[in-house]
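These notes concern the structure reproduced below.
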Amino acid sequence: MLNFSRWAIAAIILPLAIGVLCAIPSFLPDATVAHLPRFMQTRVNLGLDLSGGSHLLLEASTQDVAKQRLTNMEEQVRTELRRGDPKIAIGDISSRDGKLSFMVREPSQVDAAVERIRPLTQGAGLTGQRDFNVEVVNSSTITITPTDAGIKNAVKSAMEVSTEVIRRRIDEMGTREPTIQQQGDNRIVVQVPGLQDPKALKALLGQTAKLEFKLVDTTANPAEVAQGRAPVGSEVLPYVNNPSGVPFIAVKRQVMVSGEDLSDATQGYDQSNQAIVNIRFNSSGGRKFGQVTSQNVNRPFAIILDGKVLSAPNINEPILGGSAQVSGSFTVESANQLAIALRSGKLPVNFVVVEERTVGPGLGADSIRAGLIASVVAVVAVAVFMFVSYGRFGMYANLAVAINVLVILGVMGMLGATLTLPGIAGFVLTIGTAVDANVLIYERIREERRRGRNVVASIEHGYKEASRTIFEANVTHAIAGGIMLALGSGPVKGFAIVLLIGIATSVFTAVTFTRMVVANWVRRTRPTDIHI
């Protein structure tokens, strides 16, 4: 138990030294850390409650997901029935009551229509169900009804995509270490440290950024459009900056080019020095945009963002360069936000802010100060108690606690973990309990000495017998911490992360490191008695 080879000593000291080195950058200013080697640029990130910033809780509308799925299915059905041989003629498609229904004009083609539509449905995860049910009603009417499993699967997919889109948008803002995580089935928590004004963040995240290019329906009656009615195959959309003064405009339902065909978007200026957004299409989008503008010269082309018409310029000539401009009375800030939103992709579902919180840097500084005071008091109190109770062995335990504190910070830095106010509570708790293992060991050594064993035998049995209890106790702590990490969120996770790291490092330093130090002291001094 007390024999340590050089390799064993190196295996103990090396990870502790690495942990201590990785903790040092957390105490240095940013300018100094920037000049350190890359592997040394590991710092503990401060959470929102310590550094200040903005907290938003976004909630998605599941009704929007269901509605969008119906719209997509309607387009697929129209396309599939038109391009077959033979073509299948159908009446207008109704989307009432959350399902699609239409009549097949030739009753003899009903079965053929069903056979073409069924492949458009998909399996809903591992449920064994389809995402849509296709049924024939009244011998000539087909209904397409979304299933609950299909909607649930679509919401799950939309939330995964939305989380990634939101992450990309916030990264574009240049913020450091944001926290973006899904909460429940339809909510996303966004925390951005250092951002004191959440208005820009809300504007950016609240924008779906669904960009579409559609042809304006020039055959629509302006009087009917003003009343919200449009011809078959068209729809009425709001148009705030309509030169004619009418706040609505009729556009074709068919999307000619969409935001999914974009490769880049940047804020710029037009010839009048007005803020605009310059967009560039990918190769497929460039071909479609060129084809549409070539076939519709002298016709107005509506640029639509999130269901609202920004502008409807006239196509004077084919646009074949694969790029275009989006204008719409932008400010520089709003144009830049739109460019970021378009670059990061559109959100598949609309979000509303259900909770908003801003933490000032002053409150964060007070929390850090209070946490440091609590930590220092805990360390000093523990150190004094251990020295008074166990003398030299207490000092070894105190050394282990000091190294343990630095190693915890180093591990958190290497993992990119975030330190929160509850995390500081976990930190203080870890400091207080870090010496528990040493107390068990030293009390067992005392017991062995009272039984008459010599110094070496007492130390060996003390470490050996107490280690079992130590590991069993910390395993139960780790299980509790793991449950909090898996099931908790926000502050609970912050506490659990520090607790789990602290359990692992404290066991290593309290048992293995102090045993090595004690063994080295025994070999050097050969004591005949110990005061413990």
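Labels used: A, B, ... for chains in the order of the structure tokens, numbers from 1 for residues in each chain, and numbers from 1 for ligands as shown.
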
- Message: If you run DSSP on the backbone here, which positions in region 340-499 of chain A get strand (DSSP E or B)? Please write them as a list in words.
- Response: Phe351, Val352, Val353, Val354, Glu355, Glu356, Arg357, Thr358, Val359, Thr418 and Leu419 of chain A

- Task: From a DSSP calculation on the backbone, collect every residue of region 280-404 of chain A in alpha helix (DSSP H) and output the set as a PyMOL selection string.
- Result: chain A and resi 283-295+332-344+361-390+392-404

Would you output that residue set with C-alpha atoms, as a PDB file, in the first residue's frame?
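Writing done, so here's out_13.pdb:
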```
ATOM      1  CA  SER A 283     -26.406  26.809 -58.331  1.00  0.00           C
ATOM      2  CA  SER A 284     -29.893  25.290 -58.283  1.00  0.00           C
ATOM      3  CA  GLY A 285     -31.498  28.494 -56.998  1.00  0.00           C
ATOM      4  CA  GLY A 286     -29.610  30.585 -59.542  1.00  0.00           C
ATOM      5  CA  ARG A 287     -30.944  28.465 -62.402  1.00  0.00           C
ATOM      6  CA  LYS A 288     -34.519  28.644 -61.104  1.00  0.00           C
ATOM      7  CA  PHE A 289     -34.313  32.391 -60.502  1.00  0.00           C
ATOM      8  CA  GLY A 290     -32.892  32.973 -63.979  1.00  0.00           C
ATOM      9  CA  GLN A 291     -35.548  30.800 -65.577  1.00  0.00           C
ATOM     10  CA  VAL A 292     -38.416  32.495 -63.729  1.00  0.00           C
ATOM     11  CA  THR A 293     -37.225  36.013 -64.552  1.00  0.00           C
ATOM     12  CA  SER A 294     -36.631  35.050 -68.186  1.00  0.00           C
ATOM     13  CA  GLN A 295     -40.160  33.695 -68.584  1.00  0.00           C
ATOM     14  CA  VAL A 332     -28.962  49.159 -41.240  1.00  0.00           C
ATOM     15  CA  GLU A 333     -29.639  47.159 -38.072  1.00  0.00           C
ATOM     16  CA  SER A 334     -32.786  45.447 -39.370  1.00  0.00           C
ATOM     17  CA  ALA A 335     -31.112  44.660 -42.705  1.00  0.00           C
ATOM     18  CA  ASN A 336     -28.171  43.110 -40.869  1.00  0.00           C
ATOM     19  CA  GLN A 337     -30.505  41.036 -38.676  1.00  0.00           C
ATOM     20  CA  LEU A 338     -32.372  39.784 -41.743  1.00  0.00           C
ATOM     21  CA  ALA A 339     -29.083  38.873 -43.422  1.00  0.00           C
ATOM     22  CA  ILE A 340     -28.047  36.883 -40.330  1.00  0.00           C
ATOM     23  CA  ALA A 341     -31.435  35.144 -40.221  1.00  0.00           C
ATOM     24  CA  LEU A 342     -31.274  34.236 -43.918  1.00  0.00           C
ATOM     25  CA  ARG A 343     -27.689  32.963 -43.660  1.00  0.00           C
ATOM     26  CA  SER A 344     -28.517  30.743 -40.690  1.00  0.00           C
ATOM     27  CA  PRO A 361     -23.361  42.820 -14.520  1.00  0.00           C
ATOM     28  CA  GLY A 362     -23.521  44.436 -11.069  1.00  0.00           C
ATOM     29  CA  LEU A 363     -25.685  41.613  -9.731  1.00  0.00           C
ATOM     30  CA  GLY A 364     -23.331  39.075 -11.301  1.00  0.00           C
ATOM     31  CA  ALA A 365     -20.317  40.767  -9.671  1.00  0.00           C
ATOM     32  CA  ASP A 366     -22.068  40.672  -6.302  1.00  0.00           C
ATOM     33  CA  SER A 367     -22.756  36.954  -6.788  1.00  0.00           C
ATOM     34  CA  ILE A 368     -19.116  36.278  -7.644  1.00  0.00           C
ATOM     35  CA  ARG A 369     -17.960  38.283  -4.623  1.00  0.00           C
ATOM     36  CA  ALA A 370     -20.342  36.432  -2.332  1.00  0.00           C
ATOM     37  CA  GLY A 371     -19.277  33.107  -3.812  1.00  0.00           C
ATOM     38  CA  LEU A 372     -15.591  33.889  -3.356  1.00  0.00           C
ATOM     39  CA  ILE A 373     -16.157  34.936   0.262  1.00  0.00           C
ATOM     40  CA  ALA A 374     -18.094  31.732   0.932  1.00  0.00           C
ATOM     41  CA  SER A 375     -15.364  29.645  -0.707  1.00  0.00           C
ATOM     42  CA  VAL A 376     -12.563  31.341   1.220  1.00  0.00           C
ATOM     43  CA  VAL A 377     -14.413  30.984   4.518  1.00  0.00           C
ATOM     44  CA  ALA A 378     -15.082  27.307   3.775  1.00  0.00           C
ATOM     45  CA  VAL A 379     -11.442  26.626   2.859  1.00  0.00           C
ATOM     46  CA  VAL A 380     -10.076  28.433   5.921  1.00  0.00           C
ATOM     47  CA  ALA A 381     -12.536  26.776   8.304  1.00  0.00           C
ATOM     48  CA  VAL A 382     -11.810  23.324   6.913  1.00  0.00           C
ATOM     49  CA  ALA A 383      -8.045  23.926   6.948  1.00  0.00           C
ATOM     50  CA  VAL A 384      -8.042  25.097  10.585  1.00  0.00           C
ATOM     51  CA  PHE A 385     -10.214  22.182  11.686  1.00  0.00           C
ATOM     52  CA  MET A 386      -8.027  19.603   9.926  1.00  0.00           C
ATOM     53  CA  PHE A 387      -4.787  21.061  11.289  1.00  0.00           C
ATOM     54  CA  VAL A 388      -6.076  21.232  14.851  1.00  0.00           C
ATOM     55  CA  SER A 389      -7.531  17.718  14.681  1.00  0.00           C
ATOM     56  CA  TYR A 390      -4.803  15.832  12.805  1.00  0.00           C
ATOM     57  CA  ARG A 392       0.770  16.940  10.010  1.00  0.00           C
ATOM     58  CA  PHE A 393      -1.803  14.642   8.423  1.00  0.00           C
ATOM     59  CA  GLY A 394      -4.300  17.507   8.499  1.00  0.00           C
ATOM     60  CA  MET A 395      -1.852  19.641   6.510  1.00  0.00           C
ATOM     61  CA  TYR A 396      -1.602  16.876   3.912  1.00  0.00           C
ATOM     62  CA  ALA A 397      -5.380  16.877   3.675  1.00  0.00           C
ATOM     63  CA  ASN A 398      -5.365  20.682   3.309  1.00  0.00           C
ATOM     64  CA  LEU A 399      -2.829  20.430   0.498  1.00  0.00           C
ATOM     65  CA  ALA A 400      -5.102  17.902  -1.206  1.00  0.00           C
ATOM     66  CA  VAL A 401      -8.086  20.262  -0.841  1.00  0.00           C
ATOM     67  CA  ALA A 402      -6.140  23.182  -2.385  1.00  0.00           C
ATOM     68  CA  ILE A 403      -5.059  21.040  -5.328  1.00  0.00           C
ATOM     69  CA  ASN A 404      -8.584  19.675  -5.616  1.00  0.00           C
TER      70      ASN A 404
END
```

- Message: Here is a test: counting only C-alpha atoms, which residue of A:Asn314, A:Asn186, A:Thr42, A:Asn474 is nearest to Val354 (chain A)?
- Response: A:Asn186

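Distance check against Arg453 (chain A) using only C-alpha atoms: of A:Leu409, A:Ile530, A:Ala23, A:Ala223, the minimum falls on A:Ile530.
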
- Write out as a ChimeraX atom specification which residues come within 9 Å of Ser323 (chain A) when counting only C-alpha atoms, dropping same-chain ones fewer than 4 positions away. /A:278-281,286,289,319

Would you mind exporting the chosen residues as a short mmCIF file (atom, residue, chain, number, x, y, z; two decimals), in the first residue's frame, restricted to C-alpha atoms?
```
data_model
loop_
_atom_site.label_atom_id
_atom_site.label_comp_id
_atom_site.auth_asym_id
_atom_site.auth_seq_id
_atom_site.Cartn_x
_atom_site.Cartn_y
_atom_site.Cartn_z
CA ASN A 278 -27.84 41.34 -50.98
CA ILE A 279 -28.59 37.66 -51.52
CA ARG A 280 -26.78 35.06 -53.56
CA PHE A 281 -28.39 31.83 -54.74
CA GLY A 286 -29.61 30.59 -59.54
CA PHE A 289 -34.31 32.39 -60.50
CA ILE A 319 -31.62 38.18 -63.93
#
```

- Message: When you look at Asn133 (chain A) with a cut-off of 9 Å (counting only C-alpha atoms), what residues show up, excluding the ones that are within fewer than 5 positions of it in the same chain? I need them as a ChimeraX atom specification.
- Response: /A:118,121,143-147

- Query: Val110 (chain A): which residues within 9 Å, counting only C-alpha atoms, same-chain residues fewer than 2 positions away excluded, as a PyMOL selection string?
  - Reply: chain A and resi 88+103-108+112-115+136+139-142

- Message: Please determine, counting only C-alpha atoms, which residue among A:Val246, A:Leu211, A:Ile408, A:Leu262 has the shortest atom-to-atom distance to Leu310 (chain A).
- Response: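 For Leu310 (chain A), the nearest of the candidates is A:Leu211.
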
- Message: Given only C-alpha atoms as the basis, pick out the residue of A:Lys493, A:Lys210, A:Lys152, A:Lys252 nearest to Asp306 (chain A).
- Response: A:Lys210

- Interatomic distance, CA of Tyr463 (chain A) to CA of Asn520 (chain A) (Å, one decimal):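 Interatomic distance here is 14.6 Å.
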
Would you give me, as CSV, each residue of region 5-73 of chain A having an atom within 9 Å of an atom of region 421-430 of chain A, along with its shortest atom pair and that distance in Å to one decimal, using only C-alpha atoms and sorting by chain and residue number?
```
residue,atom,partner,partner_atom,distance
A:Gly47,CA,A:Leu421,CA,7.7
A:Leu48,CA,A:Leu421,CA,8.9
A:Asp49,CA,A:Leu421,CA,6.3
A:Leu50,CA,A:Leu421,CA,6.5
```

- Skip Val161 (chain A) itself and residues of its chain fewer than 2 positions away, then list as a count of residues only all residues within 10 Å of it, counting only C-alpha atoms. 15

- Task: Name the closest residue to Val507 (chain A) among the candidates A:Val435, A:Leu485, A:Ala480, A:Ala203; distances are taken between atoms, counting only C-alpha atoms.
- Result: A:Val435

- Contact residues around Gln254 (chain A) with only C-alpha atoms at 10 Å, ignoring same-chain residues under 4 positions, as number ranges by chain: A: 75, 212-215, 233-235
